[in-house]
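A short worksheet on the structure shown next.
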Amino acid sequence: MANVNLSIGKLVPVLITHVEFQTGGCIGYGQFCDAEAVDSLSEKVTQAATASRPINACVVNDIVLALYREDENWYRAKVLSTNDNSVSVLFIDYGNSEVVDISDARLAPTELKQYSGLAVKCVLEDINPSEGNTWSNVDKEKVQEDLLNKEFTAEVTDIVSSGYVIALNTESGQYQFGSKENGKTGTNLATMNLTPGESYKAYIAYVDSANKFWIQLKQFEVNLENLMQDISDYAEAEAQPLPQAKRGTCCIAKFSEDAVPYRSKVLGITSDKCLVQFVDYGNSESKSLVDLMVIPEKFCQLPIQGFKCCYTRSKLKSNTLDEKVQELTSDEDGVILTVISKSSDEYKVEIDKIEKLSDTETIEVQAFEPLPIDLNKDFDICISHVFHPGRFYVQIIENAPIIDSLMDKISQEFESSRSFSSINVGSPCIAKLSDGACYRSVIKSAQNDNVLVLAVDFGFEELVSNSQVREISPRSMPIPSQALECTVDSTKTEEKHWSDKEIRLLSEFESKEPLIAKVTAKRGSIFQLDLHDTKDPELDRYINAELLGVGKGSNERIIQNSKMTPKKEQVMIPGPQVTVGQKLLVCVTAVKSTNQFFAQMTKCASEIGELQQKLHANYENYSMSQGVMKSIGVGDVCCTKYVDGGWYREL
């Protein structure tokens, strides 16, 4: 199994090692690892092949060392078929196949069998024959010349049954070849460019962060309004379903929040769903393929009105800058936006109202640095305070010792700290609240003899008298705030979107049962979470489904029934037999971060190899309906087929 973790939208370097031509498209094999890893493996293969003897026989799916006569080098290979005096093999680190003499094959030592194949099979986007669906020899030679043994930046655009779909990017843009009609369908939308150095009157249409937001030009405001009305009339009266969708297809889709049809473009497709971007506004949404509508040519003449932007510089801290850009989405007067430069499809800009804020001394800055977290990791969390499901605060449970120690230090510091001579909004402080405990806090507002403070390590707010607020020492400032501001839906961060019943439902978990949380999006300093209650080992209670259903016209009985999943006997796989302090020789198989990686004990290499052979032999000949799991739950043990064609135990 190749040690590569790719997801849609991810940009990664790749070296193309082999290409294959199929009807209407192109398949590529790429190495998504650095050159040092390839060189190190090649050296080990050469050493092992030199020290080994020729083999007399081998079986299908064996990993062997094979001599590639074109360059007289040894490579790892998987046996595809055997003959009397020859073997058909796939070079697993490069992707090409070859028939080699049996005398040019060697047994691969266990150490080399356990390393993953470096060549990952991918569908290459926008690389098609020049005419029709058949590749000419001239086209093949040109593509091979352009791609083989060349490095690119790969963008993962889709994940399909045959593997990853990637676009190959160079410094000058995406590499494309052949007829574009073979790669994309649908009418193309007109585009226009902004000029670096020029200033424009604009509206902020959608904000993901200060590093990723979309604007609309004020000069086209009336044109867009008229177009939107025409599209709405068309969608109601004569719209036709989109017959076929591919990445890049232009269409019309309704935004679920307001049920209004918008001009859209397909960003990626998985199964019966696709991710579309509303091109005049910038936001994206998952839609069913059956919900997409054909866009007539008459609606494509107005250039795309959503321009992707990135704020280039500011004196404001990043989180404050995110908030200020977000606030400008409700500014009806718009802003003056100056284009600094353009890179690919993104404009680096400055905004007049942000620059004016940056030049003042009364800007409210973030007193405490936010807690850094790995967005790809699942967390055990405790909900520390709930305003409503659109705004609540959580703490990471593994940080509990830090919070306890911090609370002790702050309580001691409060007794010796000075009172404020003047109260300023945004100032960090220590506040003694109604429960008698002292908290690191930020002053949110001040009126007469009272101040509203936010306890940054817990997330709750309280109005206290000025006498209960003291100065905080510099030594208590560097530790990041321990409470993360979160939501279950980043489009509903105000209380008006939530019923009393939904607020009570989430509040039941406040300062009580631990939950499992996964970050699904981040907007500014707010994290959108998927929440799971797994205290019952037989049941994964998906809290989001209840919060986004109760009080919104859904069938509550269905929700309650979903919690009563029949118990089933679970298969348990014992963990590795190791003891604390024991020294082990291991092979690192996957890395999630510098703080978390996975490794196998090399002494178990032969057992792992035998297990993989058994799994492959057992599952490879199954029919599509044979042995398929009828129900799937969190914690279930199963066997799945990976993109490299191998079968693996999964949890």
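By order in the structure tokens, chains are A, B, ...; within a chain, residues start at 1; ligands start at 1, following the order shown.
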Those in range 126-343 of chain A with strand (DSSP E) from DSSP, as JSON, numbers by chain: {"A": [151, 152, 153, 154, 155, 156, 157, 158, 159, 160, 163, 164, 165, 166, 167, 168, 169, 170, 173, 174, 199, 200, 201, 202, 203, 204, 205, 206, 207, 208, 209, 212, 213, 214, 215, 216, 217, 250, 251, 252, 253, 254, 255, 260, 261, 262, 263, 264, 265, 266, 267, 268, 269, 270, 273, 274, 275, 276, 277, 278, 284, 285, 286, 287, 288, 307, 308, 309, 310, 311, 335, 336, 337, 338, 339, 340, 341, 342, 343]}
All residues 12 Å or closer to Lys113 in chain A, only C-alpha atoms, same chain fewer than 4 positions away omitted, as a ChimeraX atom specification: /A:1,41,44-45,48,61-65,75-78,92-93,107-109,117,587,602,605-610,612-613
Take the residues just selected and output them with N, CA and C atoms as a PDB file, in the first residue's frame.
ATOM      1  N   MET A   1       0.853  -1.188   0.000  1.00  0.00           N
ATOM      2  CA  MET A   1       0.000   0.000   0.000  1.00  0.00           C
ATOM      3  C   MET A   1       0.881   1.227   0.000  1.00  0.00           C
ATOM      4  N   LEU A  41      15.770   3.460  -1.496  1.00  0.00           N
ATOM      5  CA  LEU A  41      15.169   2.177  -1.821  1.00  0.00           C
ATOM      6  C   LEU A  41      15.920   1.512  -2.972  1.00  0.00           C
ATOM      7  N   LYS A  44      19.053  -0.189  -1.754  1.00  0.00           N
ATOM      8  CA  LYS A  44      18.777  -1.436  -1.037  1.00  0.00           C
ATOM      9  C   LYS A  44      18.423  -2.556  -2.013  1.00  0.00           C
ATOM     10  N   VAL A  45      17.657  -2.220  -3.054  1.00  0.00           N
ATOM     11  CA  VAL A  45      17.263  -3.230  -4.045  1.00  0.00           C
ATOM     12  C   VAL A  45      18.497  -3.762  -4.775  1.00  0.00           C
ATOM     13  N   ALA A  48      20.512  -6.042  -2.487  1.00  0.00           N
ATOM     14  CA  ALA A  48      19.842  -7.328  -2.263  1.00  0.00           C
ATOM     15  C   ALA A  48      19.919  -8.208  -3.510  1.00  0.00           C
ATOM     16  N   ASN A  61       1.517 -12.708  -7.831  1.00  0.00           N
ATOM     17  CA  ASN A  61       1.435 -11.777  -6.706  1.00  0.00           C
ATOM     18  C   ASN A  61       2.674 -11.779  -5.815  1.00  0.00           C
ATOM     19  N   ASP A  62       3.655 -12.640  -6.121  1.00  0.00           N
ATOM     20  CA  ASP A  62       4.930 -12.570  -5.406  1.00  0.00           C
ATOM     21  C   ASP A  62       5.610 -11.228  -5.682  1.00  0.00           C
ATOM     22  N   ILE A  63       6.310 -10.708  -4.684  1.00  0.00           N
ATOM     23  CA  ILE A  63       7.166  -9.536  -4.879  1.00  0.00           C
ATOM     24  C   ILE A  63       8.594 -10.042  -5.076  1.00  0.00           C
ATOM     25  N   VAL A  64       9.177  -9.727  -6.231  1.00  0.00           N
ATOM     26  CA  VAL A  64      10.520 -10.185  -6.567  1.00  0.00           C
ATOM     27  C   VAL A  64      11.371  -8.978  -6.967  1.00  0.00           C
ATOM     28  N   LEU A  65      12.649  -9.242  -7.202  1.00  0.00           N
ATOM     29  CA  LEU A  65      13.539  -8.242  -7.767  1.00  0.00           C
ATOM     30  C   LEU A  65      13.787  -8.637  -9.216  1.00  0.00           C
ATOM     31  N   TYR A  75      14.889  -3.644  -9.975  1.00  0.00           N
ATOM     32  CA  TYR A  75      13.747  -2.965  -9.375  1.00  0.00           C
ATOM     33  C   TYR A  75      12.829  -3.983  -8.700  1.00  0.00           C
ATOM     34  N   ARG A  76      12.056  -3.498  -7.750  1.00  0.00           N
ATOM     35  CA  ARG A  76      11.030  -4.359  -7.149  1.00  0.00           C
ATOM     36  C   ARG A  76       9.899  -4.567  -8.159  1.00  0.00           C
ATOM     37  N   ALA A  77       9.346  -5.777  -8.168  1.00  0.00           N
ATOM     38  CA  ALA A  77       8.299  -6.076  -9.150  1.00  0.00           C
ATOM     39  C   ALA A  77       7.292  -7.067  -8.574  1.00  0.00           C
ATOM     40  N   LYS A  78       6.061  -6.946  -9.036  1.00  0.00           N
ATOM     41  CA  LYS A  78       5.000  -7.864  -8.650  1.00  0.00           C
ATOM     42  C   LYS A  78       4.730  -8.817  -9.805  1.00  0.00           C
ATOM     43  N   ILE A  92       6.530  -2.090  -9.299  1.00  0.00           N
ATOM     44  CA  ILE A  92       5.581  -1.424  -8.397  1.00  0.00           C
ATOM     45  C   ILE A  92       6.004  -0.016  -8.000  1.00  0.00           C
ATOM     46  N   ASP A  93       7.256   0.328  -8.206  1.00  0.00           N
ATOM     47  CA  ASP A  93       7.704   1.673  -7.847  1.00  0.00           C
ATOM     48  C   ASP A  93       7.672   2.631  -9.032  1.00  0.00           C
ATOM     49  N   LEU A 107      14.705 -13.450  -5.527  1.00  0.00           N
ATOM     50  CA  LEU A 107      13.812 -13.372  -4.383  1.00  0.00           C
ATOM     51  C   LEU A 107      14.006 -12.032  -3.672  1.00  0.00           C
ATOM     52  N   ALA A 108      12.916 -11.400  -3.306  1.00  0.00           N
ATOM     53  CA  ALA A 108      13.002 -10.139  -2.559  1.00  0.00           C
ATOM     54  C   ALA A 108      13.045 -10.446  -1.071  1.00  0.00           C
ATOM     55  N   PRO A 109      14.013  -9.911  -0.356  1.00  0.00           N
ATOM     56  CA  PRO A 109      14.051 -10.136   1.097  1.00  0.00           C
ATOM     57  C   PRO A 109      12.828  -9.528   1.765  1.00  0.00           C
ATOM     58  N   GLY A 117       4.620   0.164  -2.437  1.00  0.00           N
ATOM     59  CA  GLY A 117       4.943   0.524  -3.810  1.00  0.00           C
ATOM     60  C   GLY A 117       4.883   2.035  -3.964  1.00  0.00           C
ATOM     61  N   CYS A 587       9.657  -0.045  11.280  1.00  0.00           N
ATOM     62  CA  CYS A 587       9.559   0.589   9.959  1.00  0.00           C
ATOM     63  C   CYS A 587       8.357   1.529  10.001  1.00  0.00           C
ATOM     64  N   THR A 602       9.818  -4.624  12.796  1.00  0.00           N
ATOM     65  CA  THR A 602      10.448  -5.360  11.700  1.00  0.00           C
ATOM     66  C   THR A 602      10.524  -6.856  11.984  1.00  0.00           C
ATOM     67  N   ALA A 605       7.844  -8.741  10.246  1.00  0.00           N
ATOM     68  CA  ALA A 605       7.704  -8.500   8.806  1.00  0.00           C
ATOM     69  C   ALA A 605       7.220  -9.730   8.052  1.00  0.00           C
ATOM     70  N   SER A 606       7.786 -10.897   8.382  1.00  0.00           N
ATOM     71  CA  SER A 606       7.380 -12.114   7.665  1.00  0.00           C
ATOM     72  C   SER A 606       5.925 -12.458   7.949  1.00  0.00           C
ATOM     73  N   GLU A 607       5.478 -12.246   9.199  1.00  0.00           N
ATOM     74  CA  GLU A 607       4.083 -12.523   9.547  1.00  0.00           C
ATOM     75  C   GLU A 607       3.145 -11.573   8.807  1.00  0.00           C
ATOM     76  N   ILE A 608       3.565 -10.306   8.711  1.00  0.00           N
ATOM     77  CA  ILE A 608       2.737  -9.321   8.004  1.00  0.00           C
ATOM     78  C   ILE A 608       2.641  -9.676   6.525  1.00  0.00           C
ATOM     79  N   GLY A 609       3.778 -10.089   5.945  1.00  0.00           N
ATOM     80  CA  GLY A 609       3.773 -10.486   4.540  1.00  0.00           C
ATOM     81  C   GLY A 609       2.859 -11.671   4.283  1.00  0.00           C
ATOM     82  N   GLU A 610       2.926 -12.674   5.179  1.00  0.00           N
ATOM     83  CA  GLU A 610       2.054 -13.844   5.028  1.00  0.00           C
ATOM     84  C   GLU A 610       0.589 -13.455   5.176  1.00  0.00           C
ATOM     85  N   GLN A 612      -0.783 -10.556   4.465  1.00  0.00           N
ATOM     86  CA  GLN A 612      -1.228  -9.857   3.262  1.00  0.00           C
ATOM     87  C   GLN A 612      -1.523 -10.830   2.125  1.00  0.00           C
ATOM     88  N   GLN A 613      -0.683 -11.862   1.996  1.00  0.00           N
ATOM     89  CA  GLN A 613      -0.918 -12.863   0.955  1.00  0.00           C
ATOM     90  C   GLN A 613      -2.229 -13.609   1.197  1.00  0.00           C
TER      91      GLN A 613
END
With a distance cut-off of 7 Å and only C-alpha atoms, select the neighbouring residues of range 94-106 of chain A, excluding the residue or stretch itself and same-chain residues fewer than 3 positions from it, and output the selection as an mmCIF file with all heavy atoms, in the first residue's frame.
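Below is the file part_37.cif, written as the result:
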data_model
loop_
_atom_site.group_PDB
_atom_site.id
_atom_site.type_symbol
_atom_site.label_atom_id
_atom_site.label_comp_id
_atom_site.auth_asym_id
_atom_site.auth_seq_id
_atom_site.Cartn_x
_atom_site.Cartn_y
_atom_site.Cartn_z
ATOM 1 N N THR A 17 6.253 8.671 -13.662
ATOM 2 C CA THR A 17 7.194 7.614 -14.040
ATOM 3 C C THR A 17 6.706 6.751 -15.196
ATOM 4 O O THR A 17 7.510 6.070 -15.841
ATOM 5 C CB THR A 17 7.464 6.704 -12.831
ATOM 6 O OG1 THR A 17 6.208 6.187 -12.338
ATOM 7 C CG2 THR A 17 8.141 7.486 -11.708
ATOM 8 N N HIS A 18 5.404 6.760 -15.463
ATOM 9 C CA HIS A 18 4.872 5.908 -16.538
ATOM 10 C C HIS A 18 3.496 6.422 -16.945
ATOM 11 O O HIS A 18 2.744 6.921 -16.100
ATOM 12 C CB HIS A 18 4.762 4.454 -16.055
ATOM 13 C CG HIS A 18 4.209 3.516 -17.078
ATOM 14 N ND1 HIS A 18 4.843 3.225 -18.271
ATOM 15 C CD2 HIS A 18 3.046 2.782 -17.092
ATOM 16 C CE1 HIS A 18 4.117 2.370 -18.964
ATOM 17 N NE2 HIS A 18 3.024 2.087 -18.275
ATOM 18 N N TYR A 29 1.292 7.042 -13.742
ATOM 19 C CA TYR A 29 1.805 6.517 -12.485
ATOM 20 C C TYR A 29 2.809 7.537 -11.952
ATOM 21 O O TYR A 29 3.701 7.979 -12.685
ATOM 22 C CB TYR A 29 2.480 5.167 -12.679
ATOM 23 C CG TYR A 29 1.512 4.039 -12.961
ATOM 24 C CD1 TYR A 29 0.985 3.863 -14.238
ATOM 25 C CD2 TYR A 29 1.094 3.179 -11.956
ATOM 26 C CE1 TYR A 29 0.085 2.837 -14.512
ATOM 27 C CE2 TYR A 29 0.195 2.144 -12.213
ATOM 28 C CZ TYR A 29 -0.304 1.981 -13.493
ATOM 29 O OH TYR A 29 -1.196 0.973 -13.753
ATOM 30 N N ALA A 49 19.748 -7.605 -4.706
ATOM 31 C CA ALA A 49 19.777 -8.384 -5.945
ATOM 32 C C ALA A 49 21.170 -8.939 -6.203
ATOM 33 O O ALA A 49 21.325 -10.083 -6.666
ATOM 34 C CB ALA A 49 19.331 -7.511 -7.117
ATOM 35 N N SER A 52 21.778 -12.021 -4.057
ATOM 36 C CA SER A 52 20.836 -13.140 -4.189
ATOM 37 C C SER A 52 21.166 -14.000 -5.405
ATOM 38 O O SER A 52 21.894 -13.589 -6.310
ATOM 39 C CB SER A 52 19.404 -12.606 -4.313
ATOM 40 O OG SER A 52 19.056 -11.839 -3.192
ATOM 41 N N ARG A 53 20.584 -15.182 -5.408
ATOM 42 C CA ARG A 53 20.735 -16.097 -6.537
ATOM 43 C C ARG A 53 19.470 -16.094 -7.396
ATOM 44 O O ARG A 53 18.395 -15.745 -6.907
ATOM 45 C CB ARG A 53 20.998 -17.512 -6.040
ATOM 46 C CG ARG A 53 22.317 -17.667 -5.279
ATOM 47 C CD ARG A 53 22.471 -19.100 -4.817
ATOM 48 N NE ARG A 53 23.735 -19.299 -4.111
ATOM 49 C CZ ARG A 53 24.105 -20.467 -3.564
ATOM 50 N NH1 ARG A 53 23.283 -21.512 -3.665
ATOM 51 N NH2 ARG A 53 25.260 -20.562 -2.939
ATOM 52 N N PRO A 54 19.578 -16.492 -8.671
ATOM 53 C CA PRO A 54 18.379 -16.583 -9.515
ATOM 54 C C PRO A 54 17.367 -17.552 -8.912
ATOM 55 O O PRO A 54 17.725 -18.498 -8.200
ATOM 56 C CB PRO A 54 18.921 -17.096 -10.853
ATOM 57 C CG PRO A 54 20.364 -16.710 -10.848
ATOM 58 C CD PRO A 54 20.813 -16.815 -9.417
ATOM 59 N N ILE A 55 16.111 -17.323 -9.199
ATOM 60 C CA ILE A 55 15.064 -18.200 -8.686
ATOM 61 C C ILE A 55 14.661 -19.200 -9.767
ATOM 62 O O ILE A 55 14.788 -18.939 -10.968
ATOM 63 C CB ILE A 55 13.842 -17.398 -8.225
ATOM 64 C CG1 ILE A 55 13.270 -16.562 -9.374
ATOM 65 C CG2 ILE A 55 14.193 -16.509 -7.046
ATOM 66 C CD1 ILE A 55 12.033 -15.774 -8.997
ATOM 67 N N VAL A 64 9.177 -9.727 -6.231
ATOM 68 C CA VAL A 64 10.520 -10.185 -6.567
ATOM 69 C C VAL A 64 11.371 -8.978 -6.967
ATOM 70 O O VAL A 64 10.881 -7.845 -7.048
ATOM 71 C CB VAL A 64 10.484 -11.199 -7.735
ATOM 72 C CG1 VAL A 64 9.677 -12.431 -7.356
ATOM 73 C CG2 VAL A 64 9.923 -10.554 -9.007
ATOM 74 N N LEU A 65 12.649 -9.242 -7.202
ATOM 75 C CA LEU A 65 13.539 -8.242 -7.767
ATOM 76 C C LEU A 65 13.787 -8.637 -9.216
ATOM 77 O O LEU A 65 14.159 -9.779 -9.497
ATOM 78 C CB LEU A 65 14.852 -8.183 -6.991
ATOM 79 C CG LEU A 65 14.725 -8.010 -5.467
ATOM 80 C CD1 LEU A 65 16.104 -7.951 -4.829
ATOM 81 C CD2 LEU A 65 13.919 -6.767 -5.123
ATOM 82 N N ALA A 66 13.537 -7.695 -10.133
ATOM 83 C CA ALA A 66 13.646 -8.023 -11.557
ATOM 84 C C ALA A 66 14.594 -7.046 -12.246
ATOM 85 O O ALA A 66 14.628 -5.854 -11.925
ATOM 86 C CB ALA A 66 12.269 -7.975 -12.220
ATOM 87 N N LEU A 67 15.339 -7.575 -13.204
ATOM 88 C CA LEU A 67 16.284 -6.769 -13.966
ATOM 89 C C LEU A 67 15.575 -6.169 -15.173
ATOM 90 O O LEU A 67 14.988 -6.882 -15.984
ATOM 91 C CB LEU A 67 17.464 -7.629 -14.429
ATOM 92 C CG LEU A 67 18.587 -6.891 -15.171
ATOM 93 C CD1 LEU A 67 19.301 -5.926 -14.241
ATOM 94 C CD2 LEU A 67 19.576 -7.906 -15.763
ATOM 95 N N ASN A 85 9.942 -20.119 -19.031
ATOM 96 C CA ASN A 85 11.245 -19.484 -18.837
ATOM 97 C C ASN A 85 11.164 -17.968 -18.656
ATOM 98 O O ASN A 85 12.189 -17.280 -18.712
ATOM 99 C CB ASN A 85 12.160 -19.783 -20.036
ATOM 100 C CG ASN A 85 12.415 -21.268 -20.195
ATOM 101 O OD1 ASN A 85 12.724 -21.953 -19.222
ATOM 102 N ND2 ASN A 85 12.253 -21.776 -21.420
ATOM 103 N N SER A 86 9.968 -17.450 -18.453
ATOM 104 C CA SER A 86 9.817 -16.000 -18.315
ATOM 105 C C SER A 86 8.740 -15.665 -17.284
ATOM 106 O O SER A 86 7.924 -16.510 -16.910
ATOM 107 C CB SER A 86 9.469 -15.368 -19.661
ATOM 108 O OG SER A 86 8.217 -15.855 -20.131
ATOM 109 N N VAL A 87 8.753 -14.405 -16.874
ATOM 110 C CA VAL A 87 7.801 -13.909 -15.876
ATOM 111 C C VAL A 87 7.317 -12.529 -16.316
ATOM 112 O O VAL A 87 8.123 -11.677 -16.689
ATOM 113 C CB VAL A 87 8.466 -13.794 -14.484
ATOM 114 C CG1 VAL A 87 7.442 -13.346 -13.451
ATOM 115 C CG2 VAL A 87 9.104 -15.092 -14.066
ATOM 116 N N SER A 88 6.002 -12.326 -16.299
ATOM 117 C CA SER A 88 5.442 -11.001 -16.562
ATOM 118 C C SER A 88 5.311 -10.273 -15.226
ATOM 119 O O SER A 88 4.695 -10.786 -14.286
ATOM 120 C CB SER A 88 4.070 -11.118 -17.231
ATOM 121 O OG SER A 88 3.499 -9.833 -17.410
ATOM 122 N N VAL A 89 5.913 -9.089 -15.141
ATOM 123 C CA VAL A 89 5.943 -8.383 -13.862
ATOM 124 C C VAL A 89 5.485 -6.933 -14.017
ATOM 125 O O VAL A 89 5.547 -6.351 -15.098
ATOM 126 C CB VAL A 89 7.370 -8.391 -13.256
ATOM 127 C CG1 VAL A 89 7.822 -9.816 -12.964
ATOM 128 C CG2 VAL A 89 8.354 -7.666 -14.165
ATOM 129 N N LEU A 90 5.032 -6.362 -12.893
ATOM 130 C CA LEU A 90 4.718 -4.942 -12.786
ATOM 131 C C LEU A 90 5.740 -4.321 -11.840
ATOM 132 O O LEU A 90 5.868 -4.746 -10.688
ATOM 133 C CB LEU A 90 3.307 -4.733 -12.223
ATOM 134 C CG LEU A 90 2.951 -3.305 -11.793
ATOM 135 C CD1 LEU A 90 2.862 -2.386 -12.999
ATOM 136 C CD2 LEU A 90 1.639 -3.281 -11.005
ATOM 137 N N PHE A 91 6.482 -3.339 -12.319
ATOM 138 C CA PHE A 91 7.455 -2.648 -11.473
ATOM 139 C C PHE A 91 6.684 -1.687 -10.562
ATOM 140 O O PHE A 91 6.234 -0.625 -11.001
ATOM 141 C CB PHE A 91 8.478 -1.910 -12.341
ATOM 142 C CG PHE A 91 9.368 -2.840 -13.124
ATOM 143 C CD1 PHE A 91 9.149 -3.051 -14.481
ATOM 144 C CD2 PHE A 91 10.400 -3.531 -12.510
ATOM 145 C CE1 PHE A 91 9.954 -3.915 -15.211
ATOM 146 C CE2 PHE A 91 11.213 -4.392 -13.229
ATOM 147 C CZ PHE A 91 10.991 -4.597 -14.589
ATOM 148 N N LEU A 118 5.877 2.610 -4.610
ATOM 149 C CA LEU A 118 5.959 4.068 -4.713
ATOM 150 C C LEU A 118 5.107 4.644 -5.842
ATOM 151 O O LEU A 118 4.779 5.826 -5.830
ATOM 152 C CB LEU A 118 7.423 4.496 -4.918
ATOM 153 C CG LEU A 118 8.413 4.091 -3.826
ATOM 154 C CD1 LEU A 118 9.792 4.649 -4.140
ATOM 155 C CD2 LEU A 118 7.950 4.562 -2.459
ATOM 156 N N ALA A 119 4.777 3.833 -6.832
ATOM 157 C CA ALA A 119 4.012 4.328 -7.981
ATOM 158 C C ALA A 119 2.512 4.281 -7.685
ATOM 159 O O ALA A 119 1.963 3.219 -7.409
ATOM 160 C CB ALA A 119 4.321 3.504 -9.224
#
Quick one: DSSP alpha helix (DSSP H) residues in range 361-469 of chain A, as a VMD selection string? chain A and resid 400 to 416
Which residue gives the smallest distance to Lys308 in chain A among A:Phe460, A:Tyr206, A:Trp647, A:Tyr164, with only C-alpha atoms counted?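 Between A:Phe460, A:Tyr206, A:Trp647, A:Tyr164, the residue approaching Lys308 in chain A most closely is A:Tyr206.
Between Ala431 in chain A and the residues A:Asp230, A:Glu471, A:Asp322, A:Asp404, the shortest atom-to-atom distance, using only C-alpha atoms, involves A:Glu471.
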Leaving out range 519-534 of chain A and any residue of its chain fewer than 5 positions from it, which residues lie within 10 Å of it when counting only C-alpha atoms, given as an NGL selection string? :A and (207-212 or 318-326 or 370 or 373-381 or 390-393 or 484-491 or 493 or 509 or 513-514 or 539-545 or 634)
Who sits within 10 Å of Leu6 in chain A, only C-alpha atoms, same chain under 6 positions skipped, as a PyMOL selection string: chain A and resi 12+32+155-156+159+164
Serialized selection, N, CA, C and O atoms, as a PDB file, in the first residue's frame:
ATOM      1  N   VAL A  12       0.248  18.517  -4.165  1.00  0.00           N
ATOM      2  CA  VAL A  12       1.418  17.746  -3.758  1.00  0.00           C
ATOM      3  C   VAL A  12       2.376  17.609  -4.941  1.00  0.00           C
ATOM      4  O   VAL A  12       1.954  17.553  -6.092  1.00  0.00           O
ATOM      5  N   PHE A  32       4.833  10.123  -5.255  1.00  0.00           N
ATOM      6  CA  PHE A  32       4.505  11.274  -4.414  1.00  0.00           C
ATOM      7  C   PHE A  32       5.440  11.323  -3.203  1.00  0.00           C
ATOM      8  O   PHE A  32       5.006  11.544  -2.084  1.00  0.00           O
ATOM      9  N   GLU A 155      -2.696  18.511  -8.431  1.00  0.00           N
ATOM     10  CA  GLU A 155      -3.895  18.891  -7.676  1.00  0.00           C
ATOM     11  C   GLU A 155      -4.905  17.757  -7.783  1.00  0.00           C
ATOM     12  O   GLU A 155      -5.299  17.366  -8.890  1.00  0.00           O
ATOM     13  N   VAL A 156      -5.303  17.213  -6.648  1.00  0.00           N
ATOM     14  CA  VAL A 156      -6.293  16.141  -6.639  1.00  0.00           C
ATOM     15  C   VAL A 156      -7.667  16.762  -6.883  1.00  0.00           C
ATOM     16  O   VAL A 156      -8.138  17.583  -6.092  1.00  0.00           O
ATOM     17  N   ILE A 159     -11.843  11.682  -6.683  1.00  0.00           N
ATOM     18  CA  ILE A 159     -11.455  10.324  -6.304  1.00  0.00           C
ATOM     19  C   ILE A 159     -12.521   9.389  -6.854  1.00  0.00           C
ATOM     20  O   ILE A 159     -13.691   9.490  -6.486  1.00  0.00           O
ATOM     21  N   TYR A 164      -7.139   8.090  -7.980  1.00  0.00           N
ATOM     22  CA  TYR A 164      -7.173   9.543  -7.893  1.00  0.00           C
ATOM     23  C   TYR A 164      -7.226  10.176  -9.285  1.00  0.00           C
ATOM     24  O   TYR A 164      -6.594   9.686 -10.221  1.00  0.00           O
TER      25      TYR A 164
END
Within 12 Å of range 259-281 of chain A, which residues of range 291-379 of chain A come that close, and what is the closest atom pair and distance in Å for each? Count only C-alpha atoms and give it as JSON lines.
{"residue": "A:Asp291", "atom": "CA", "partner": "A:Lys273", "partner_atom": "CA", "distance": 9.6}
{"residue": "A:Leu292", "atom": "CA", "partner": "A:Ser264", "partner_atom": "CA", "distance": 9.1}
{"residue": "A:Met293", "atom": "CA", "partner": "A:Pro261", "partner_atom": "CA", "distance": 9.3}
{"residue": "A:Val294", "atom": "CA", "partner": "A:Arg263", "partner_atom": "CA", "distance": 10.0}
{"residue": "A:Ile295", "atom": "CA", "partner": "A:Arg263", "partner_atom": "CA", "distance": 7.6}
{"residue": "A:Pro296", "atom": "CA", "partner": "A:Arg263", "partner_atom": "CA", "distance": 10.4}
{"residue": "A:Glu297", "atom": "CA", "partner": "A:Arg263", "partner_atom": "CA", "distance": 11.6}
{"residue": "A:Lys298", "atom": "CA", "partner": "A:Arg263", "partner_atom": "CA", "distance": 11.9}
{"residue": "A:Phe299", "atom": "CA", "partner": "A:Arg263", "partner_atom": "CA", "distance": 8.2}
{"residue": "A:Cys300", "atom": "CA", "partner": "A:Arg263", "partner_atom": "CA", "distance": 8.6}
{"residue": "A:Gln301", "atom": "CA", "partner": "A:Arg263", "partner_atom": "CA", "distance": 11.6}
{"residue": "A:Leu302", "atom": "CA", "partner": "A:Asp280", "partner_atom": "CA", "distance": 10.2}
{"residue": "A:Pro303", "atom": "CA", "partner": "A:Asp280", "partner_atom": "CA", "distance": 8.9}
{"residue": "A:Ile304", "atom": "CA", "partner": "A:Asp280", "partner_atom": "CA", "distance": 5.6}
{"residue": "A:Gln305", "atom": "CA", "partner": "A:Asp280", "partner_atom": "CA", "distance": 4.4}
{"residue": "A:Gly306", "atom": "CA", "partner": "A:Asp280", "partner_atom": "CA", "distance": 4.1}
{"residue": "A:Phe307", "atom": "CA", "partner": "A:Asp280", "partner_atom": "CA", "distance": 7.9}
{"residue": "A:Lys308", "atom": "CA", "partner": "A:Tyr281", "partner_atom": "CA", "distance": 9.3}
{"residue": "A:Cys309", "atom": "CA", "partner": "A:Tyr281", "partner_atom": "CA", "distance": 11.9}
{"residue": "A:Thr329", "atom": "CA", "partner": "A:Tyr281", "partner_atom": "CA", "distance": 11.2}
Could you work out how far CA of Val637 in chain A lies from CA of Lys535 in chain A, giving the answer in Å with one decimal?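 These two atoms are separated by 18.7 Å.
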Would you list the contacts of range 139-148 of chain A as a ChimeraX atom specification, taking every protein, DNA or RNA residue within 8 Å and counting only C-alpha atoms, but skipping same-chain residues closer than 2 positions in sequence? /A:15-19,21,129-130,135-137,150,177
Using Å and a single decimal, report how far CA of Glu546 in chain A sits from CA of Ser288 in chain A.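 According to the coordinates, CA of Ser288 in chain A and CA of Glu546 in chain A are separated by 21.9 Å.
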